[in-house]
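Below is data.pdb, which holds PDB, C-alpha atoms.
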```
ATOM      1  CA  MET F   1      90.363  79.523 116.480
ATOM      2  CA  LEU F   2      88.154  82.584 116.178
ATOM      3  CA  PRO F   3      84.908  82.449 118.173
ATOM      4  CA  ARG F   4      81.682  83.461 116.553
ATOM      5  CA  LEU F   5      79.878  86.670 117.361
ATOM      6  CA  PRO F   6      76.076  86.990 117.478
ATOM      7  CA  LEU F   7      74.636  86.478 114.013
ATOM      8  CA  GLU F   8      73.719  89.777 112.335
ATOM      9  CA  ILE F   9      73.880  89.196 108.577
ATOM     10  CA  LEU F  10      72.216  86.529 106.464
ATOM     11  CA  GLN F  11      73.821  86.359 103.040
ATOM     12  CA  VAL F  12      71.819  84.444 100.456
ATOM     13  CA  ASN F  13      72.970  83.350  97.018
ATOM     14  CA  VAL F  14      69.727  83.114  95.053
ATOM     15  CA  GLY F  15      71.302  81.482  92.013
ATOM     16  CA  LYS F  16      74.282  81.332  89.678
ATOM     17  CA  LEU F  17      72.496  82.635  86.595
ATOM     18  CA  CYS F  18      74.096  85.879  85.399
ATOM     19  CA  ASP F  19      74.262  87.901  82.203
ATOM     20  CA  LEU F  20      78.043  88.252  82.665
ATOM     21  CA  ALA F  21      80.928  85.822  83.249
ATOM     22  CA  CYS F  22      83.542  87.947  85.048
ATOM     23  CA  GLN F  23      87.041  86.477  85.398
ATOM     24  CA  HIS F  24      87.175  87.168  89.146
ATOM     25  CA  CYS F  25      83.754  85.617  89.915
ATOM     26  CA  HIS F  26      84.240  83.155  92.770
ATOM     27  CA  VAL F  27      80.938  81.359  92.130
ATOM     28  CA  GLU F  28      81.644  81.005  88.396
ATOM     29  CA  ALA F  29      78.296  82.539  87.512
ATOM     30  CA  GLY F  30      77.261  83.018  83.898
ATOM     31  CA  PRO F  31      74.469  83.000  81.318
ATOM     32  CA  LYS F  32      74.480  79.194  81.018
ATOM     33  CA  ARG F  33      74.190  78.398  84.731
ATOM     34  CA  THR F  34      70.902  76.775  85.709
ATOM     35  CA  GLU F  35      71.171  76.744  89.529
ATOM     36  CA  ILE F  36      68.343  78.908  90.852
ATOM     37  CA  MET F  37      66.674  79.212  94.259
ATOM     38  CA  GLN F  38      63.119  77.887  94.348
ATOM     39  CA  ALA F  39      60.057  79.388  96.039
ATOM     40  CA  ALA F  40      60.018  76.860  98.898
ATOM     41  CA  THR F  41      63.598  77.776  99.790
ATOM     42  CA  VAL F  42      62.732  81.475  99.740
ATOM     43  CA  ASP F  43      59.768  80.831 102.034
ATOM     44  CA  ARG F  44      61.920  78.929 104.533
ATOM     45  CA  ILE F  45      64.519  81.717 104.582
ATOM     46  CA  LEU F  46      61.815  84.258 105.311
ATOM     47  CA  GLU F  47      60.434  82.045 108.075
ATOM     48  CA  LEU F  48      63.856  81.795 109.724
ATOM     49  CA  LEU F  49      64.443  85.517 109.294
ATOM     50  CA  ALA F  50      61.111  86.370 110.915
ATOM     51  CA  HIS F  51      62.166  84.505 114.068
ATOM     52  CA  ALA F  52      65.677  86.005 114.217
ATOM     53  CA  PRO F  53      65.268  89.669 115.209
ATOM     54  CA  ALA F  54      69.006  90.101 115.821
ATOM     55  CA  VAL F  55      69.680  89.432 112.126
ATOM     56  CA  HIS F  56      69.327  92.963 110.810
ATOM     57  CA  THR F  57      70.549  92.520 107.226
ATOM     58  CA  LEU F  58      69.637  90.270 104.299
ATOM     59  CA  ASP F  59      72.458  90.376 101.745
ATOM     60  CA  LEU F  60      71.390  89.038  98.335
ATOM     61  CA  THR F  61      73.998  87.739  95.914
ATOM     62  CA  GLY F  62      74.216  85.648  92.752
ATOM     63  CA  GLY F  63      74.882  85.414  89.865
ATOM     64  CA  ALA F  64      72.690  88.357  89.202
ATOM     65  CA  PRO F  65      70.153  88.175  92.074
ATOM     66  CA  GLU F  66      67.562  90.098  90.066
ATOM     67  CA  LEU F  67      67.274  87.226  87.552
ATOM     68  CA  ASN F  68      65.767  84.938  90.171
ATOM     69  CA  PRO F  69      61.960  84.896  89.631
ATOM     70  CA  HIS F  70      61.408  85.102  93.409
ATOM     71  CA  PHE F  71      63.829  87.985  93.989
ATOM     72  CA  ARG F  72      61.133  90.613  94.448
ATOM     73  CA  THR F  73      59.138  88.458  96.844
ATOM     74  CA  LEU F  74      62.230  87.942  98.976
ATOM     75  CA  VAL F  75      62.975  91.672  98.974
ATOM     76  CA  ARG F  76      59.403  92.766  99.757
ATOM     77  CA  GLU F  77      58.917  90.302 102.591
ATOM     78  CA  ALA F  78      62.302  91.007 104.178
ATOM     79  CA  ARG F  79      61.641  94.737 104.037
ATOM     80  CA  ALA F  80      58.198  94.154 105.565
ATOM     81  CA  LEU F  81      60.019  92.432 108.447
ATOM     82  CA  GLY F  82      62.013  95.617 108.934
ATOM     83  CA  ARG F  83      65.300  94.173 107.687
ATOM     84  CA  THR F  84      67.920  96.033 105.683
ATOM     85  CA  VAL F  85      68.243  94.447 102.237
ATOM     86  CA  ILE F  86      71.385  94.618 100.104
ATOM     87  CA  ASP F  87      71.267  93.853  96.386
ATOM     88  CA  ARG F  88      74.666  93.004  94.925
ATOM     89  CA  CYS F  89      73.994  94.250  91.425
ATOM     90  CA  ASN F  90      76.239  93.906  88.391
ATOM     91  CA  LEU F  91      74.499  96.975  86.812
ATOM     92  CA  THR F  92      74.188  95.558  83.285
ATOM     93  CA  VAL F  93      71.344  93.310  84.421
ATOM     94  CA  LEU F  94      69.110  96.388  84.725
ATOM     95  CA  PHE F  95      68.837  96.444  80.921
ATOM     96  CA  ARG F  96      67.995  92.788  80.396
ATOM     97  CA  PRO F  97      64.483  91.804  79.230
ATOM     98  CA  GLY F  98      62.066  91.818  82.143
ATOM     99  CA  GLN F  99      64.280  94.071  84.269
ATOM    100  CA  GLU F 100      63.103  97.395  82.856
ATOM    101  CA  ASP F 101      61.578  98.528  86.161
ATOM    102  CA  THR F 102      64.031  96.848  88.532
ATOM    103  CA  ALA F 103      65.816 100.074  89.470
ATOM    104  CA  GLU F 104      62.483 101.673  90.368
ATOM    105  CA  PHE F 105      61.545  98.600  92.403
ATOM    106  CA  LEU F 106      64.799  98.748  94.366
ATOM    107  CA  ALA F 107      64.286 102.435  95.101
ATOM    108  CA  ALA F 108      60.671 101.950  96.156
ATOM    109  CA  GLN F 109      61.728  99.222  98.597
ATOM    110  CA  GLY F 110      64.651 101.223  99.970
ATOM    111  CA  VAL F 111      67.130  98.502  99.021
ATOM    112  CA  LYS F 112      70.840  99.218  99.422
ATOM    113  CA  VAL F 113      72.576  98.680  96.086
ATOM    114  CA  VAL F 114      76.172  97.429  96.062
ATOM    115  CA  ALA F 115      77.332  97.542  92.464
ATOM    116  CA  SER F 116      80.401  96.047  90.851
ATOM    117  CA  LEU F 117      82.578  98.624  89.105
ATOM    118  CA  PRO F 118      86.180  97.394  89.265
ATOM    119  CA  CYS F 119      87.566 100.639  87.835
ATOM    120  CA  TYR F 120      86.565 104.073  86.533
ATOM    121  CA  SER F 121      88.223 103.427  83.160
ATOM    122  CA  LYS F 122      86.615 101.514  80.318
ATOM    123  CA  ALA F 123      89.707  99.477  79.443
ATOM    124  CA  ASN F 124      90.186  98.108  82.961
ATOM    125  CA  VAL F 125      86.506  97.331  83.523
ATOM    126  CA  GLU F 126      86.151  95.421  80.257
ATOM    127  CA  ARG F 127      89.405  93.581  80.795
ATOM    128  CA  GLN F 128      87.903  92.072  83.956
ATOM    129  CA  ARG F 129      84.194  91.890  83.121
ATOM    130  CA  GLY F 130      84.064  91.545  79.324
ATOM    131  CA  GLN F 131      83.513  93.740  76.297
ATOM    132  CA  HIS F 132      80.633  96.196  76.070
ATOM    133  CA  VAL F 133      80.126  96.251  79.857
ATOM    134  CA  PHE F 134      81.436  99.695  80.806
ATOM    135  CA  ASP F 135      78.947 101.899  78.961
ATOM    136  CA  PRO F 136      75.787 100.101  80.188
ATOM    137  CA  SER F 137      77.272 100.095  83.705
ATOM    138  CA  LEU F 138      77.519 103.893  83.554
ATOM    139  CA  ARG F 139      73.987 104.125  82.167
ATOM    140  CA  ALA F 140      72.744 102.029  85.075
ATOM    141  CA  LEU F 141      74.561 104.213  87.605
ATOM    142  CA  ARG F 142      73.026 107.338  86.069
ATOM    143  CA  GLN F 143      69.613 105.686  86.261
ATOM    144  CA  LEU F 144      70.158 104.890  89.932
ATOM    145  CA  ASN F 145      71.392 108.441  90.575
ATOM    146  CA  ALA F 146      68.253 109.830  88.921
ATOM    147  CA  LEU F 147      66.158 107.835  91.404
ATOM    148  CA  GLY F 148      68.091 109.314  94.314
ATOM    149  CA  TYR F 149      70.728 106.635  94.841
ATOM    150  CA  GLY F 150      74.088 107.999  95.920
ATOM    151  CA  HIS F 151      72.765 111.414  96.921
ATOM    152  CA  ALA F 152      73.179 112.588 100.510
ATOM    153  CA  GLY F 153      69.917 112.609 102.432
ATOM    154  CA  SER F 154      68.000 110.461  99.943
ATOM    155  CA  GLY F 155      68.063 107.358 102.125
ATOM    156  CA  LEU F 156      69.064 105.340  99.061
ATOM    157  CA  GLU F 157      72.584 104.002  99.471
ATOM    158  CA  LEU F 158      74.779 103.178  96.502
ATOM    159  CA  GLY F 159      78.076 101.411  97.088
ATOM    160  CA  LEU F 160      80.636 100.489  94.446
ATOM    161  CA  VAL F 161      82.933  97.469  94.572
ATOM    162  CA  TYR F 162      86.555  97.481  93.421
ATOM    163  CA  ASN F 163      88.488  94.271  92.735
ATOM    164  CA  PRO F 164      92.158  94.348  91.652
ATOM    165  CA  LEU F 165      92.750  93.394  88.041
ATOM    166  CA  GLY F 166      95.485  90.919  88.869
ATOM    167  CA  ALA F 167      97.517  89.205  91.566
ATOM    168  CA  SER F 168      97.863  92.133  93.942
ATOM    169  CA  LEU F 169      96.166  93.495  97.043
ATOM    170  CA  PRO F 170      93.702  96.377  96.744
ATOM    171  CA  PRO F 171      95.057  99.874  97.402
ATOM    172  CA  ALA F 172      93.962 101.816 100.467
ATOM    173  CA  GLN F 173      90.160 102.026 100.377
ATOM    174  CA  ALA F 174      89.816 105.658 101.497
ATOM    175  CA  ALA F 175      92.345 106.985  99.003
ATOM    176  CA  LEU F 176      90.870 104.999  96.127
ATOM    177  CA  GLU F 177      87.366 106.171  97.044
ATOM    178  CA  THR F 178      88.537 109.784  96.697
ATOM    179  CA  THR F 179      89.890 109.012  93.225
ATOM    180  CA  TYR F 180      86.687 107.218  92.216
ATOM    181  CA  ARG F 181      84.581 110.179  93.354
ATOM    182  CA  ARG F 182      86.648 112.637  91.346
ATOM    183  CA  GLU F 183      86.853 110.554  88.172
ATOM    184  CA  LEU F 184      83.199 109.472  88.098
ATOM    185  CA  ALA F 185      81.907 112.966  88.900
ATOM    186  CA  GLU F 186      84.164 114.884  86.515
ATOM    187  CA  HIS F 187      83.942 112.572  83.532
ATOM    188  CA  PHE F 188      80.543 110.928  83.897
ATOM    189  CA  GLY F 189      78.477 112.985  86.360
ATOM    190  CA  ILE F 190      78.009 109.993  88.670
ATOM    191  CA  VAL F 191      77.839 110.062  92.479
ATOM    192  CA  PHE F 192      77.871 107.264  95.055
ATOM    193  CA  ASN F 193      78.029 106.808  98.827
ATOM    194  CA  ARG F 194      80.890 104.401  99.480
ATOM    195  CA  LEU F 195      83.584 102.387  97.759
ATOM    196  CA  PHE F 196      84.375  98.850  98.942
ATOM    197  CA  THR F 197      87.752  97.327  98.081
ATOM    198  CA  ILE F 198      87.684  93.530  97.989
ATOM    199  CA  THR F 199      90.652  91.173  97.618
ATOM    200  CA  ASN F 200      90.440  88.587  94.856
ATOM    201  CA  MET F 201      90.181  85.168  96.476
ATOM    202  CA  PRO F 202      92.470  82.420  95.123
ATOM    203  CA  ILE F 203      89.539  80.157  94.257
ATOM    204  CA  LYS F 204      87.538  79.148  91.189
ATOM    205  CA  ARG F 205      88.019  81.391  88.087
ATOM    206  CA  PHE F 206      90.673  83.598  89.645
ATOM    207  CA  LEU F 207      92.555  80.511  90.859
ATOM    208  CA  HIS F 208      92.457  79.060  87.348
ATOM    209  CA  LEU F 209      93.805  82.346  85.982
ATOM    210  CA  LEU F 210      96.650  82.359  88.519
ATOM    211  CA  GLU F 211      97.525  78.777  87.669
ATOM    212  CA  ARG F 212      97.483  79.422  83.912
ATOM    213  CA  GLU F 213      99.829  82.371  84.383
ATOM    214  CA  GLY F 214     102.066  80.530  86.869
ATOM    215  CA  ARG F 215     101.376  83.087  89.616
ATOM    216  CA  TYR F 216      99.511  81.058  92.227
ATOM    217  CA  GLU F 217     102.474  80.510  94.577
ATOM    218  CA  THR F 218     103.521  84.151  94.297
ATOM    219  CA  TYR F 219     100.016  85.371  95.070
ATOM    220  CA  MET F 220      99.669  83.099  98.094
ATOM    221  CA  HIS F 221     103.001  84.395  99.421
ATOM    222  CA  THR F 222     101.669  87.935  98.916
ATOM    223  CA  LEU F 223      98.639  87.110 101.061
ATOM    224  CA  LEU F 224     100.659  85.311 103.736
ATOM    225  CA  ASP F 225     103.278  88.041 103.979
ATOM    226  CA  ALA F 226     100.540  90.658 104.413
ATOM    227  CA  PHE F 227      98.679  88.785 107.171
ATOM    228  CA  ASN F 228      97.112  91.321 109.565
ATOM    229  CA  PRO F 229      95.970  90.018 112.990
ATOM    230  CA  GLN F 230      93.753  93.059 113.437
ATOM    231  CA  ALA F 231      91.963  92.329 110.162
ATOM    232  CA  ALA F 232      91.555  88.696 111.225
ATOM    233  CA  LEU F 233      89.466  89.793 114.185
ATOM    234  CA  GLY F 234      86.974  91.473 111.828
ATOM    235  CA  VAL F 235      86.431  88.742 109.245
ATOM    236  CA  MET F 236      82.820  88.539 108.109
ATOM    237  CA  CYS F 237      82.346  84.854 108.963
ATOM    238  CA  ARG F 238      82.181  85.796 112.638
ATOM    239  CA  ASN F 239      78.734  87.431 112.398
ATOM    240  CA  LEU F 240      77.468  86.232 108.994
ATOM    241  CA  LEU F 241      75.797  83.068 107.747
ATOM    242  CA  SER F 242      75.793  82.158 104.049
ATOM    243  CA  VAL F 243      72.955  80.238 102.381
ATOM    244  CA  SER F 244      73.351  78.670  98.944
ATOM    245  CA  TRP F 245      70.736  78.595  96.199
ATOM    246  CA  ASP F 246      69.688  75.104  97.336
ATOM    247  CA  GLY F 247      69.479  76.023 101.027
ATOM    248  CA  LEU F 248      72.783  74.622 102.285
ATOM    249  CA  LEU F 249      74.606  76.493 105.073
ATOM    250  CA  TYR F 250      78.127  77.944 104.953
ATOM    251  CA  ASP F 251      80.301  80.359 106.925
ATOM    252  CA  CYS F 252      80.735  82.740 103.977
ATOM    253  CA  ASP F 253      80.152  82.855 100.249
ATOM    254  CA  PHE F 254      83.779  81.874  99.552
ATOM    255  CA  ASN F 255      83.369  78.695 101.590
ATOM    256  CA  GLN F 256      80.105  78.180  99.770
ATOM    257  CA  ALA F 257      81.924  78.376  96.435
ATOM    258  CA  LEU F 258      84.342  75.699  97.664
ATOM    259  CA  ASP F 259      81.580  73.610  99.285
ATOM    260  CA  LEU F 260      83.157  73.840 102.754
ATOM    261  CA  PRO F 261      80.059  73.322 104.910
ATOM    262  CA  GLN F 262      79.267  75.398 107.974
ATOM    263  CA  GLY F 263      80.411  73.705 111.168
ATOM    264  CA  GLY F 264      82.154  70.989 109.149
ATOM    265  CA  ARG F 265      78.947  69.070 108.374
ATOM    266  CA  ARG F 266      76.432  69.443 105.587
ATOM    267  CA  ARG F 267      73.176  70.958 106.759
ATOM    268  CA  SER F 268      70.446  72.969 105.158
ATOM    269  CA  ILE F 269      67.943  75.576 106.306
ATOM    270  CA  TRP F 270      65.470  72.723 106.865
ATOM    271  CA  ASP F 271      67.801  70.958 109.312
ATOM    272  CA  ILE F 272      67.912  73.772 111.869
ATOM    273  CA  ALA F 273      65.283  75.107 114.261
ATOM    274  CA  GLY F 274      66.522  78.684 113.992
ATOM    275  CA  LEU F 275      69.388  80.862 112.806
ATOM    276  CA  ALA F 276      70.686  81.305 116.355
ATOM    277  CA  ASP F 277      71.630  77.605 116.332
ATOM    278  CA  MET F 278      74.582  78.503 114.114
ATOM    279  CA  GLU F 279      76.241  80.704 116.698
ATOM    280  CA  ARG F 280      77.527  77.650 118.546
ATOM    281  CA  GLU F 281      79.215  76.128 115.507
ATOM    282  CA  PRO F 282      82.944  76.377 114.680
ATOM    283  CA  ILE F 283      84.057  78.295 111.589
ATOM    284  CA  ALA F 284      85.626  76.342 108.724
ATOM    285  CA  PHE F 285      88.955  77.840 107.600
ATOM    286  CA  ALA F 286      91.261  77.055 104.656
ATOM    287  CA  ASN F 287      94.141  78.706 102.783
ATOM    288  CA  HIS F 288      91.887  81.087 100.856
ATOM    289  CA  CYS F 289      90.970  82.742 104.162
ATOM    290  CA  TYR F 290      94.317  84.557 104.041
ATOM    291  CA  GLY F 291      92.680  86.707 101.367
ATOM    292  CA  CYS F 292      90.368  88.180 104.013
ATOM    293  CA  THR F 293      93.201  88.837 106.473
ATOM    294  CA  ALA F 294      95.829  90.376 104.181
ATOM    295  CA  GLY F 295      96.721  94.043 104.391
ATOM    296  CA  ALA F 296      93.714  96.134 105.408
ATOM    297  CA  GLY F 297      91.580  93.001 105.292
ATOM    298  CA  SER F 298      88.703  92.196 103.002
ATOM    299  CA  SER F 299      85.023  91.393 103.368
ATOM    300  CA  CYS F 300      81.816  91.880 101.445
ATOM    301  CA  GLY F 301      81.724  95.251 103.206
ATOM    302  CA  GLY F 302      85.168  96.261 101.989
ATOM    303  CA  SER F 303      88.370  96.669 103.996
ATOM    304  CA  LEU F 304      88.395  95.750 107.686
ATOM    305  CA  THR F 305      90.983  98.141 109.134
TER
END
```

Take the structure I supplied and represent it as structure tokens, if you would.
Amino acid sequence: MLPRLPLEILQVNVGKLCDLACQHCHVEAGPKRTEIMQAATVDRILELLAHAPAVHTLDLTGGAPELNPHFRTLVREARALGRTVIDRCNLTVLFRPGQEDTAEFLAAQGVKVVASLPCYSKANVERQRGQHVFDPSLRALRQLNALGYGHAGSGLELGLVYNPLGASLPPAQAALETTYRRELAEHFGIVFNRLFTITNMPIKRFLHLLEREGRYETYMHTLLDAFNPQAALGVMCRNLLSVSWDGLLYDCDFNQALDLPQGGRRRSIWDIAGLADMEREPIAFANHCYGCTAGAGSSCGGSLT
């Protein structure tokens, strides 16, 4: 059993509504999803955050977080508390109605943008994320670059996320980052700060894909055979707490997707006195956790070793 570390990151899923329906999405987000975080839940999260100075980062996920009507309130108030805010952006959302000034808002608030770009080639991106996604993704990256994102010394960090296309582990993060830099700069004039390689978890849509193709057992053996004890020590559930759109508490967003409650019992942000209460709770593990411990390891911040 892995003991918890002091809580440092609060990851909040503000809703499952998204303009895309990517095949690797572990929360099965999409345009028809109606789950959305309400204002009262946002207010309670901010209250807990205000009384948890050791929690230095608010990590916002979805769906497309920007589609939540309270997204900007959550960002502004968290930044006013001095917290780092991460927006996990799918890029295409920046061109949806009502989002015309979202990039400018993110820059003005100094939000770290972590953007999904599973490859630097159009064919591979659209195979995973759908047709007509690659070109607007590049447009969004250029827009972010024009605001200062990705440029050294700007203070505006732009990270890109790579997910494998199929049932394999990600390649070495550092080497792939070098390739991304070269390809995006030479062909598209795009710069970024860091690349994060993330293993596809055998849950939800990706699990269904593995089962349809008869590759689930093979993929699980791949993860088990690549188990890395060093990576296991760095798994994100040790210093992160995940909050769902309806305020329920989980050890990570993968457990949230599977409804494996934090500490083995269902509780919400209204059932606790403070975030520090969670540091005494055990972590819930299951077979999908081997995805975080395989090879170089995997977390929302990329490889672990």

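Each of F:Ala226, F:Ile283, F:Leu260, F:Ala273 was compared to Pro3 of chain F using all atoms listed in the file, and F:Ile283 turns out to be the nearest.
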
Residues selected by the PyMOL selection byres ((chain F and resi 49) around 10), written as a list in words: Leu10, Asp43, Arg44, Ile45, Leu46, Glu47, Leu48, Ala50, His51, Ala52, Pro53, Ala54, Val55, His56, Thr57, Leu58, Glu77, Ala78, Leu81, Arg83, Gly274 and Leu275 of chain F

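Between atom CA of Arg96 of chain F and atom CA of Asn163 of chain F lies a distance of 24.0 Å.
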
Can you give me, as a PDB file with C-alpha atoms, keeping the file's coordinate frame, the residues this file yields under the PyMOL selection byres ((chain F and resi 59) around 9)?
```
ATOM      1  CA  ILE F   9      73.880  89.196 108.577  1.00  0.00           C
ATOM      2  CA  LEU F  10      72.216  86.529 106.464  1.00  0.00           C
ATOM      3  CA  GLN F  11      73.821  86.359 103.040  1.00  0.00           C
ATOM      4  CA  VAL F  12      71.819  84.444 100.456  1.00  0.00           C
ATOM      5  CA  ASN F  13      72.970  83.350  97.018  1.00  0.00           C
ATOM      6  CA  THR F  57      70.549  92.520 107.226  1.00  0.00           C
ATOM      7  CA  LEU F  58      69.637  90.270 104.299  1.00  0.00           C
ATOM      8  CA  LEU F  60      71.390  89.038  98.335  1.00  0.00           C
ATOM      9  CA  THR F  61      73.998  87.739  95.914  1.00  0.00           C
ATOM     10  CA  THR F  84      67.920  96.033 105.683  1.00  0.00           C
ATOM     11  CA  VAL F  85      68.243  94.447 102.237  1.00  0.00           C
ATOM     12  CA  ILE F  86      71.385  94.618 100.104  1.00  0.00           C
ATOM     13  CA  ASP F  87      71.267  93.853  96.386  1.00  0.00           C
ATOM     14  CA  ARG F  88      74.666  93.004  94.925  1.00  0.00           C
TER      15      ARG F  88
END
```

Surrounding residues of Phe134 of chain F excluding itself and chain neighbours under 5 positions, 7 Å, only C-alpha atoms, as a list in words: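 The contact residues come out as Lys122, Val125 and Glu126 of chain F.
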